[in-house]
$ cat entry-v7.csv   # CSV, C-alpha atoms (C1' of nucleotides)
chain,number,residue,atom,x,y,z
A,1,MET,CA,0.0,0.0,0.0
A,2,VAL,CA,2.8,2.3,0.9
A,3,GLN,CA,5.8,2.2,-1.5
A,4,LYS,CA,9.4,2.3,-0.6
A,5,TYR,CA,11.9,4.0,-2.9
A,6,GLU,CA,13.9,1.3,-4.7
A,7,GLU,CA,17.2,1.1,-2.9
A,8,SER,CA,19.1,-1.8,-1.4
A,9,PHE,CA,20.0,-1.6,2.3
A,10,GLU,CA,23.7,-1.7,1.4
A,11,SER,CA,23.5,1.5,-0.7
A,12,PHE,CA,21.2,3.1,1.8
A,13,LEU,CA,23.6,2.4,4.6
A,14,GLU,CA,26.7,3.6,2.7
A,15,ASN,CA,24.9,6.8,1.8
A,16,PHE,CA,23.9,7.3,5.4
A,17,LYS,CA,27.5,6.7,6.6
A,18,ASN,CA,28.8,9.3,4.2
A,19,THR,CA,26.2,11.8,5.6
A,20,VAL,CA,27.3,11.1,9.1
A,21,SER,CA,30.9,11.7,8.2
A,22,LYS,CA,30.2,14.8,6.3
A,23,LEU,CA,28.3,16.2,9.3
A,24,GLY,CA,31.4,15.6,11.5
A,25,PHE,CA,29.8,12.7,13.5
A,26,LYS,CA,31.2,9.3,13.9
A,27,ASN,CA,29.9,6.0,12.6
A,28,SER,CA,29.4,3.0,14.9
A,29,ILE,CA,28.0,-0.5,14.7
A,30,GLN,CA,25.2,0.6,17.0
A,31,LYS,CA,24.0,3.2,14.4
A,32,ASP,CA,24.4,0.6,11.7
A,33,TYR,CA,22.3,-2.0,13.5
A,34,ILE,CA,19.6,0.3,14.6
A,35,LEU,CA,19.2,1.3,11.0
A,36,LYS,CA,19.2,-2.3,9.9
A,37,ILE,CA,16.7,-3.3,12.4
A,38,LEU,CA,14.4,-0.5,11.4
A,39,TYR,CA,14.9,-1.2,7.8
A,40,PHE,CA,14.1,-4.9,8.0
A,41,ASN,CA,11.2,-4.7,10.3
A,42,ASP,CA,7.8,-3.7,9.0
A,43,GLU,CA,6.8,-3.3,12.6
A,44,HIS,CA,6.9,0.0,14.5
A,45,LEU,CA,9.4,-0.7,17.3
A,46,SER,CA,9.9,0.8,20.7
A,47,ALA,CA,13.3,1.6,22.0
A,48,GLU,CA,13.3,-1.4,24.2
A,49,GLN,CA,12.3,-3.7,21.3
A,50,ILE,CA,15.1,-2.3,19.2
A,51,ALA,CA,17.7,-3.0,21.9
A,52,ASN,CA,16.3,-6.5,22.4
A,53,ILE,CA,16.4,-7.4,18.7
A,54,ALA,CA,20.0,-6.1,18.5
A,55,LYS,CA,21.0,-8.3,21.4
A,56,SER,CA,19.0,-11.5,20.5
A,57,GLU,CA,19.1,-11.4,16.8
A,58,TYR,CA,22.5,-9.8,16.0
A,59,LYS,CA,24.4,-10.4,19.3
A,60,VAL,CA,25.2,-6.7,19.4
A,61,ASP,CA,25.5,-5.2,22.9
A,62,MET,CA,23.3,-2.2,22.9
A,63,GLY,CA,22.4,-0.1,25.9
A,64,ILE,CA,18.9,1.4,26.0
A,65,ALA,CA,20.4,4.9,26.3
A,66,THR,CA,22.2,4.4,23.0
A,67,VAL,CA,19.0,3.5,21.3
A,68,TYR,CA,17.3,6.6,22.6
A,69,ARG,CA,20.2,8.8,21.7
A,70,THR,CA,20.5,7.3,18.3
A,71,VAL,CA,16.8,7.4,17.3
A,72,LYS,CA,16.8,11.1,18.4
A,73,PHE,CA,19.8,11.7,16.2
A,74,PHE,CA,18.1,9.9,13.3
A,75,GLU,CA,15.0,12.0,13.9
A,76,GLU,CA,17.0,15.2,13.6
A,77,LEU,CA,18.4,13.9,10.3
A,78,ASN,CA,14.9,13.2,9.2
A,79,ILE,CA,15.4,9.6,8.5
A,80,VAL,CA,13.3,8.4,11.4
A,81,ASN,CA,9.8,9.3,12.6
A,82,SER,CA,8.4,8.6,16.1
A,83,LEU,CA,4.8,7.8,16.8
A,84,ASP,CA,2.8,7.6,19.9
A,85,ILE,CA,0.2,4.9,19.9
A,86,GLY,CA,-1.0,5.8,23.3
A,87,ASP,CA,0.4,3.0,25.4
A,88,GLY,CA,3.3,4.9,27.0
A,89,ALA,CA,6.2,3.9,24.8
A,90,LYS,CA,7.0,5.7,21.6
A,91,ARG,CA,7.5,3.7,18.4
A,92,TYR,CA,10.0,4.4,15.7
A,93,GLU,CA,10.0,3.9,12.0
A,94,LEU,CA,12.3,4.5,9.1
A,95,ASN,CA,11.4,7.4,7.0
A,96,LEU,CA,12.4,5.9,3.6
A,97,SER,CA,8.9,5.7,2.3
A,98,LEU,CA,6.6,8.2,0.8
A,99,HIS,CA,4.7,10.1,3.4
A,100,HIS,CA,2.1,8.0,5.0
A,101,ASP,CA,-0.3,8.0,7.9
A,102,HIS,CA,-1.5,5.4,10.3
A,103,MET,CA,-4.6,3.5,11.4
A,104,ILE,CA,-4.4,2.0,14.8
A,105,CYS,CA,-6.6,-0.8,15.9
A,106,THR,CA,-7.7,0.0,19.5
A,107,SER,CA,-8.4,-3.7,20.1
A,108,CYS,CA,-5.1,-5.4,19.0
A,109,ASN,CA,-2.9,-2.3,18.8
A,110,LYS,CA,-1.9,-3.2,15.2
A,111,ILE,CA,-0.7,-0.3,13.1
A,112,LEU,CA,-1.7,-0.1,9.4
A,113,GLU,CA,-0.2,2.4,7.1
A,114,PHE,CA,-2.0,4.2,4.4
A,115,ASN,CA,-1.3,7.1,2.1
A,116,ASP,CA,-4.0,9.2,0.6
A,117,GLU,CA,-3.5,11.9,-2.0
A,118,VAL,CA,-6.6,13.8,-1.1
A,119,ILE,CA,-5.6,14.2,2.6
A,120,GLU,CA,-2.1,15.1,1.6
A,121,LYS,CA,-3.3,17.9,-0.7
A,122,GLN,CA,-5.9,19.2,1.7
A,123,GLN,CA,-3.5,19.5,4.5
A,124,ILE,CA,-1.3,21.7,2.3
A,125,LYS,CA,-4.3,23.8,1.6
A,126,VAL,CA,-5.3,24.1,5.2
A,127,ALA,CA,-1.8,25.2,6.2
A,128,LYS,CA,-1.8,27.8,3.4
A,129,ASP,CA,-5.2,29.2,4.3
A,130,ASN,CA,-3.9,29.7,7.8
A,131,ASN,CA,-0.6,31.3,6.8
A,132,PHE,CA,1.1,28.5,8.4
A,133,TYR,CA,4.5,27.4,7.1
A,134,LEU,CA,4.0,23.6,6.7
A,135,ASN,CA,6.7,21.2,7.9
A,136,ASP,CA,5.0,18.0,8.4
A,137,HIS,CA,1.8,16.4,9.5
A,138,ILE,CA,0.5,13.3,11.2
A,139,MET,CA,-2.9,11.7,10.7
A,140,THR,CA,-3.9,8.8,12.8
A,141,ILE,CA,-7.2,7.0,12.5
A,142,TYR,CA,-8.4,5.0,15.5
A,143,GLY,CA,-10.8,2.2,15.1
A,144,VAL,CA,-11.2,-1.6,15.0
A,145,CYS,CA,-9.5,-3.6,12.3
A,146,GLU,CA,-11.2,-6.2,10.1
A,147,LYS,CA,-9.9,-9.1,12.1
A,148,CYS,CA,-11.0,-7.7,15.5
A,149,GLN,CA,-14.5,-6.7,14.5
B,150,MET,CA,-12.8,29.0,13.3
B,151,VAL,CA,-14.2,26.1,15.3
B,152,GLN,CA,-17.7,26.6,16.7
B,153,LYS,CA,-19.0,25.7,20.1
B,154,TYR,CA,-22.5,24.5,20.5
B,155,GLU,CA,-24.5,27.3,22.1
B,156,GLU,CA,-24.7,26.5,25.8
B,157,SER,CA,-23.9,28.3,29.0
B,158,PHE,CA,-21.4,26.8,31.4
B,159,GLU,CA,-24.1,26.6,34.0
B,160,SER,CA,-26.5,24.5,32.0
B,161,PHE,CA,-23.6,22.4,30.7
B,162,LEU,CA,-22.4,21.8,34.3
B,163,GLU,CA,-25.9,20.9,35.5
B,164,ASN,CA,-26.3,18.5,32.6
B,165,PHE,CA,-23.0,16.9,33.4
B,166,LYS,CA,-23.8,16.5,37.1
B,167,ASN,CA,-27.0,14.7,36.2
B,168,THR,CA,-25.1,12.3,34.0
B,169,VAL,CA,-22.6,11.6,36.8
B,170,SER,CA,-25.5,10.8,39.2
B,171,LYS,CA,-27.3,8.7,36.7
B,172,LEU,CA,-24.1,6.6,36.2
B,173,GLY,CA,-23.9,6.0,39.9
B,174,PHE,CA,-20.8,8.2,40.5
B,175,LYS,CA,-20.5,11.0,42.9
B,176,ASN,CA,-20.1,14.7,42.2
B,177,SER,CA,-17.4,16.8,43.7
B,178,ILE,CA,-16.0,20.3,43.6
B,179,GLN,CA,-12.9,18.9,42.0
B,180,LYS,CA,-14.9,17.5,39.0
B,181,ASP,CA,-16.7,20.8,38.8
B,182,TYR,CA,-13.6,22.9,38.8
B,183,ILE,CA,-11.7,20.8,36.3
B,184,LEU,CA,-14.6,21.2,34.0
B,185,LYS,CA,-14.8,24.9,34.6
B,186,ILE,CA,-11.1,25.3,34.0
B,187,LEU,CA,-11.2,23.4,30.8
B,188,TYR,CA,-14.3,25.3,29.7
B,189,PHE,CA,-12.9,28.8,30.3
B,190,ASN,CA,-9.5,28.2,29.0
B,191,ASP,CA,-8.9,28.2,25.3
B,192,GLU,CA,-5.5,26.7,25.9
B,193,HIS,CA,-4.8,23.0,25.9
B,194,LEU,CA,-3.8,22.3,29.5
B,195,SER,CA,-1.6,19.7,31.1
B,196,ALA,CA,-2.6,17.9,34.3
B,197,GLU,CA,-0.1,20.0,36.2
B,198,GLN,CA,-1.4,23.2,34.7
B,199,ILE,CA,-5.0,22.3,35.7
B,200,ALA,CA,-4.0,21.6,39.3
B,201,ASN,CA,-2.1,24.9,39.4
B,202,ILE,CA,-5.0,26.9,38.1
B,203,ALA,CA,-7.3,25.3,40.5
B,204,LYS,CA,-5.1,26.2,43.4
B,205,SER,CA,-4.0,29.7,42.4
B,206,GLU,CA,-7.1,30.9,40.6
B,207,TYR,CA,-9.9,29.2,42.5
B,208,LYS,CA,-8.2,28.3,45.8
B,209,VAL,CA,-9.4,24.7,45.5
B,210,ASP,CA,-7.1,22.1,46.9
B,211,MET,CA,-6.4,19.6,44.1
B,212,GLY,CA,-3.9,16.8,44.1
B,213,ILE,CA,-2.3,15.9,40.8
B,214,ALA,CA,-3.6,12.3,41.1
B,215,THR,CA,-7.2,13.6,41.2
B,216,VAL,CA,-6.6,15.6,38.0
B,217,TYR,CA,-5.3,12.5,36.2
B,218,ARG,CA,-8.1,10.3,37.6
B,219,THR,CA,-10.7,12.9,36.6
B,220,VAL,CA,-9.5,13.6,33.1
B,221,LYS,CA,-9.4,9.9,32.5
B,222,PHE,CA,-13.0,9.7,33.8
B,223,PHE,CA,-14.0,12.5,31.5
B,224,GLU,CA,-12.3,10.9,28.5
B,225,GLU,CA,-14.3,7.8,29.1
B,226,LEU,CA,-17.5,9.9,29.1
B,227,ASN,CA,-16.2,11.4,25.9
B,228,ILE,CA,-16.3,15.0,27.1
B,229,VAL,CA,-12.5,15.4,27.1
B,230,ASN,CA,-9.8,14.7,24.5
B,231,SER,CA,-6.2,14.3,25.2
B,232,LEU,CA,-3.4,15.3,22.8
B,233,ASP,CA,0.3,14.8,22.7
B,234,ILE,CA,2.2,17.7,21.4
B,235,GLY,CA,5.4,15.9,21.7
B,236,ASP,CA,7.0,17.5,24.8
B,237,GLY,CA,6.3,14.8,27.3
B,238,ALA,CA,3.1,16.0,29.0
B,239,LYS,CA,-0.3,15.3,27.6
B,240,ARG,CA,-2.8,18.2,27.1
B,241,TYR,CA,-6.5,18.0,27.7
B,242,GLU,CA,-9.3,19.9,26.0
B,243,LEU,CA,-13.1,19.9,26.4
B,244,ASN,CA,-14.9,18.1,23.7
B,245,LEU,CA,-17.8,20.5,23.4
B,246,SER,CA,-17.0,21.6,20.0
B,247,LEU,CA,-17.4,20.0,16.6
B,248,HIS,CA,-14.6,17.7,15.7
B,249,HIS,CA,-11.5,19.6,14.9
B,250,ASP,CA,-7.8,19.0,14.4
B,251,HIS,CA,-4.7,20.9,15.4
B,252,MET,CA,-1.9,22.9,13.9
B,253,ILE,CA,1.1,23.1,16.2
B,254,CYS,CA,3.8,25.8,15.8
B,255,THR,CA,7.1,24.1,16.4
B,256,SER,CA,8.6,27.5,17.2
B,257,CYS,CA,6.3,28.8,20.0
B,258,ASN,CA,4.3,25.6,20.7
B,259,LYS,CA,1.1,27.4,20.1
B,260,ILE,CA,-1.9,25.2,19.2
B,261,LEU,CA,-4.3,26.4,16.5
B,262,GLU,CA,-7.5,24.5,15.9
B,263,PHE,CA,-9.1,23.9,12.5
B,264,ASN,CA,-11.8,21.9,11.1
B,265,ASP,CA,-12.0,20.8,7.5
B,266,GLU,CA,-14.8,19.1,5.8
B,267,VAL,CA,-12.7,17.5,3.1
B,268,ILE,CA,-10.4,15.9,5.6
B,269,GLU,CA,-13.3,14.7,7.7
B,270,LYS,CA,-14.9,13.0,4.7
B,271,GLN,CA,-11.8,11.5,3.3
B,272,GLN,CA,-10.9,9.9,6.6
B,273,ILE,CA,-14.2,8.2,6.6
B,274,LYS,CA,-13.5,6.9,3.1
B,275,VAL,CA,-10.0,5.7,4.0
B,276,ALA,CA,-11.3,3.7,6.9
B,277,LYS,CA,-14.1,2.2,4.8
B,278,ASP,CA,-11.8,1.2,2.0
B,279,ASN,CA,-9.7,-0.6,4.6
B,280,ASN,CA,-12.6,-2.4,6.3
B,281,PHE,CA,-11.7,-0.5,9.4
B,282,TYR,CA,-14.5,0.3,11.9
B,283,LEU,CA,-13.8,4.0,12.5
B,284,ASN,CA,-13.9,5.4,16.0
B,285,ASP,CA,-12.0,8.6,15.9
B,286,HIS,CA,-9.1,10.3,14.3
B,287,ILE,CA,-6.5,12.9,14.9
B,288,MET,CA,-4.7,15.1,12.4
B,289,THR,CA,-1.9,17.3,13.5
B,290,ILE,CA,-0.1,19.7,11.2
B,291,TYR,CA,3.4,20.8,12.3
B,292,GLY,CA,4.8,24.0,11.0
B,293,VAL,CA,5.6,27.6,11.9
B,294,CYS,CA,2.8,30.0,12.6
B,295,GLU,CA,2.5,33.4,11.0
B,296,LYS,CA,3.9,35.3,13.9
B,297,CYS,CA,7.0,33.1,14.2
B,298,GLN,CA,7.9,33.1,10.5
C,299,DA,C1',-24.4,3.0,55.9
C,300,DT,C1',-22.5,2.5,51.8
C,301,DT,C1',-19.6,3.5,48.2
C,302,DC,C1',-17.2,6.6,45.7
C,303,DA,C1',-13.6,10.4,45.7
C,304,DT,C1',-9.9,12.6,47.6
C,305,DG,C1',-4.8,13.9,48.9
C,306,DC,C1',-0.6,12.2,49.9
C,307,DA,C1',3.3,9.6,49.1
C,308,DA,C1',5.2,5.7,47.1
C,309,DA,C1',5.7,3.1,42.9
C,310,DC,C1',5.9,2.7,38.1
C,311,DG,C1',7.6,2.8,33.3
C,312,DT,C1',9.8,5.5,29.9
C,313,DT,C1',13.3,8.6,28.7
C,314,DT,C1',17.3,11.5,29.9
C,315,DT,C1',21.7,12.5,31.9
C,316,DG,C1',26.5,12.2,34.2
C,317,DC,C1',30.4,9.8,33.8
C,318,DA,C1',34.4,7.1,32.9
C,319,DA,C1',35.9,4.0,29.4
C,320,DC,C1',36.2,3.4,24.5
C,321,DT,C1',36.4,4.2,19.4
C,322,DA,C1',36.5,6.5,15.0
C,323,DT,C1',38.7,10.0,12.8
D,324,DA,C1',45.2,13.7,19.9
D,325,DT,C1',40.8,15.0,19.6
D,326,DA,C1',36.1,14.7,19.9
D,327,DG,C1',32.2,12.0,19.3
D,328,DT,C1',30.1,7.4,21.2
D,329,DT,C1',29.2,3.8,24.3
D,330,DG,C1',27.1,1.1,28.5
D,331,DC,C1',26.0,1.6,33.0
D,332,DA,C1',23.7,3.4,36.8
D,333,DA,C1',21.4,7.1,38.6
D,334,DA,C1',18.2,10.7,38.0
D,335,DA,C1',14.3,12.8,36.0
D,336,DC,C1',9.9,13.1,34.3
D,337,DG,C1',4.9,12.2,33.7
D,338,DT,C1',1.6,9.1,35.3
D,339,DT,C1',-0.6,5.5,38.2
D,340,DT,C1',-1.6,3.1,42.4
D,341,DG,C1',-2.3,1.9,47.5
D,342,DC,C1',-4.1,3.5,51.4
D,343,DA,C1',-6.4,5.9,55.0
D,344,DT,C1',-9.5,9.8,55.4
D,345,DG,C1',-13.4,12.4,53.8
D,346,DA,C1',-17.7,13.4,51.2
D,347,DA,C1',-21.8,12.4,48.6
D,348,DT,C1',-25.6,9.6,48.2

$ encode --input "entry-v7.csv" --output "structure tokens"
Amino acid sequence: MVQKYEESFESFLENFKNTVSKLGFKNSIQKDYILKILYFNDEHLSAEQIANIAKSEYKVDMGIATVYRTVKFFEELNIVNSLDIGDGAKRYELNLSLHHDHMICTSCNKILEFNDEVIEKQQIKVAKDNNFYLNDHIMTIYGVCEKCQ
Amino acid sequence: MVQKYEESFESFLENFKNTVSKLGFKNSIQKDYILKILYFNDEHLSAEQIANIAKSEYKVDMGIATVYRTVKFFEELNIVNSLDIGDGAKRYELNLSLHHDHMICTSCNKILEFNDEVIEKQQIKVAKDNNFYLNDHIMTIYGVCEKCQ
DNA sequence: ATTCATGCAAACGTTTTGCAACTAT
DNA sequence: ATAGTTGCAAAACGTTTGCATGAAT
């Protein structure tokens, strides 16, 4: 439903590492693996889940503080978005894809992504009408998914 | 921009108190004042702000736990909405008005309300197309307000 | 009399911070 | 050599809970 730009993880990672260097920051395996975990998981992961996957799946030691610092860093570079599904812990997702919004099932907490041209355009219009310089938007629909009904 | 139903606070409060009684709960000055504070403030207030206004402006003793319990109670009755502007603390607003969404200025944190027919309708369509039983939605536009540009 | 609501303080879960050791440049 | 990065533990923050007291019905 939501398309990713065609790009292999390898080229994406290389690109990212160059950016990090250019900005005067340092690369690390922690940064690499957080990126990899977000890239290869369709799920929207919490900081704790990211740290757990790093440890169990990739045997990479990763403190929770590092995860929080790194996703914040990624957010500032605009390659990660965070979202609040209302259960206390923020979820993080890679921002490779076209802009999309979320539908959250209030029964099973599952997150569906969608992207809708009409909403995208209308949001630009609303901002313009209010003399608002638009940076971003989120739209989240709450309801009950097909399975849970 | 966003209209309120025509109703005085007094009649609204009386109505609310009847509902509370009917449901088998008890009325209290804390409930009354939280309602009053939300009613007469255009701002979107955090739990702490509500408690502070109660104490300073109305000389009503109000523990922070009571505020949290009460706004949760109000949310369940569907007369209060909570919103996360991304700075840690949830904000609460009375749900008297027609459904509306928010524009948040990332410079001054001011919250503007708007309501847009096209977005309302399209969100219903999106849910329907995905076999999603719609309960509610939020849309938040982030940008820079006229004053801050 | 019953049951709900309250304030306080303690507990909780998530996120942030200080720090000393470490690593990339 | 320098400056960013890490894991750990402690702290901070918003929110929730247990409990004894108090208030509404």

$ closest_residue --input "entry-v7.csv" --among "D:DA324, D:DT329, D:DA347, D:DT338" --to "C:DG311" --atoms "all atoms listed in the file"
D:DT338

$ interface_residues --input "entry-v7.csv" --of "chain C" --to "chain A" --cutoff "12 Å" --atoms "only C-alpha atoms (C1' of nucleotides)" --output "PyMOL selection string"
chain C and resi 310-315+320-323

$ atom_distance --input "entry-v7.csv" --atom1 "atom CA of B:His248" --atom2 "atom CA of B:Phe263"
8.9 Å

$ closest_residue --input "entry-v7.csv" --among "D:DG327, D:DG341, D:DA334, D:DA346" --to "C:DT301" --atoms "all atoms listed in the file"
D:DA346

$ closest_residue --input "entry-v7.csv" --among "A:Lys147, A:Ile141, A:Thr19, A:Asp136" --to "A:Leu77" --atoms "all atoms listed in the file"
A:Thr19

$ residues_around --input "entry-v7.csv" --residues "A:Leu83" --least-positions-apart "4" --cutoff "10 Å" --atoms "only C-alpha atoms (C1' of nucleotides)" --output "VMD selection string"
(chain A and resid 44 to 46 89 to 93 102 138 140) or (chain B and resid 235)

$ closest_residue --input "entry-v7.csv" --among "B:Glu295, B:Asp181, B:Asp278, B:Asp236" --to "chain D" --atoms "all atoms listed in the file"
B:Asp236

$ atom_distance --input "entry-v7.csv" --atom1 "atom CA of B:Ile273" --atom2 "atom CA of B:His286"
9.5 Å

$ residues_around --input "entry-v7.csv" --residues "B:Phe189" --least-positions-apart "3" --cutoff "10 Å" --atoms "all atoms listed in the file" --output "list of chain:residue names"
B:Phe158, B:Leu184, B:Lys185, B:Ile186, B:Glu192, B:Leu243

$ write_last_selection --input "entry-v7.csv" --atoms "C-alpha atoms" --output "short mmCIF file (atom, residue, chain, number, x, y, z; two decimals), keeping the file's coordinate frame"
data_model
loop_
_atom_site.label_atom_id
_atom_site.label_comp_id
_atom_site.auth_asym_id
_atom_site.auth_seq_id
_atom_site.Cartn_x
_atom_site.Cartn_y
_atom_site.Cartn_z
CA PHE B 158 -21.40 26.80 31.40
CA LEU B 184 -14.60 21.20 34.00
CA LYS B 185 -14.80 24.90 34.60
CA ILE B 186 -11.10 25.30 34.00
CA GLU B 192 -5.50 26.70 25.90
CA LEU B 243 -13.10 19.90 26.40
#

$ interface_residues --input "entry-v7.csv" --of "chain D" --to "chain A" --cutoff "12 Å" --atoms "all atoms listed in the file" --output "MDAnalysis selection string"
chainID D and resid 326:332 337:339

$ atom_distance --input "entry-v7.csv" --atom1 "atom CA of B:Leu261" --atom2 "atom CA of A:Ile119"
18.5 Å

$ residues_around --input "entry-v7.csv" --residues "D:DA343" --least-positions-apart "4" --cutoff "12 Å" --atoms "only C-alpha atoms (C1' of nucleotides)" --output "list of chain:residue names"
C:DT304, C:DG305, C:DC306, C:DA307

$ interface_residues --input "entry-v7.csv" --of "chain A" --to "chain B" --cutoff "8 Å" --atoms "all atoms listed in the file" --output "list in words"
Asp116, Val118, Ile119, Gln122, Gln123, Val126, Ala127, Asn131, Phe132, Tyr133, Leu134, Asn135, Asp136, His137, Ile138, Met139, Thr140, Ile141, Tyr142, Gly143, Val144, Cys145, Glu146 and Gln149 of chain A
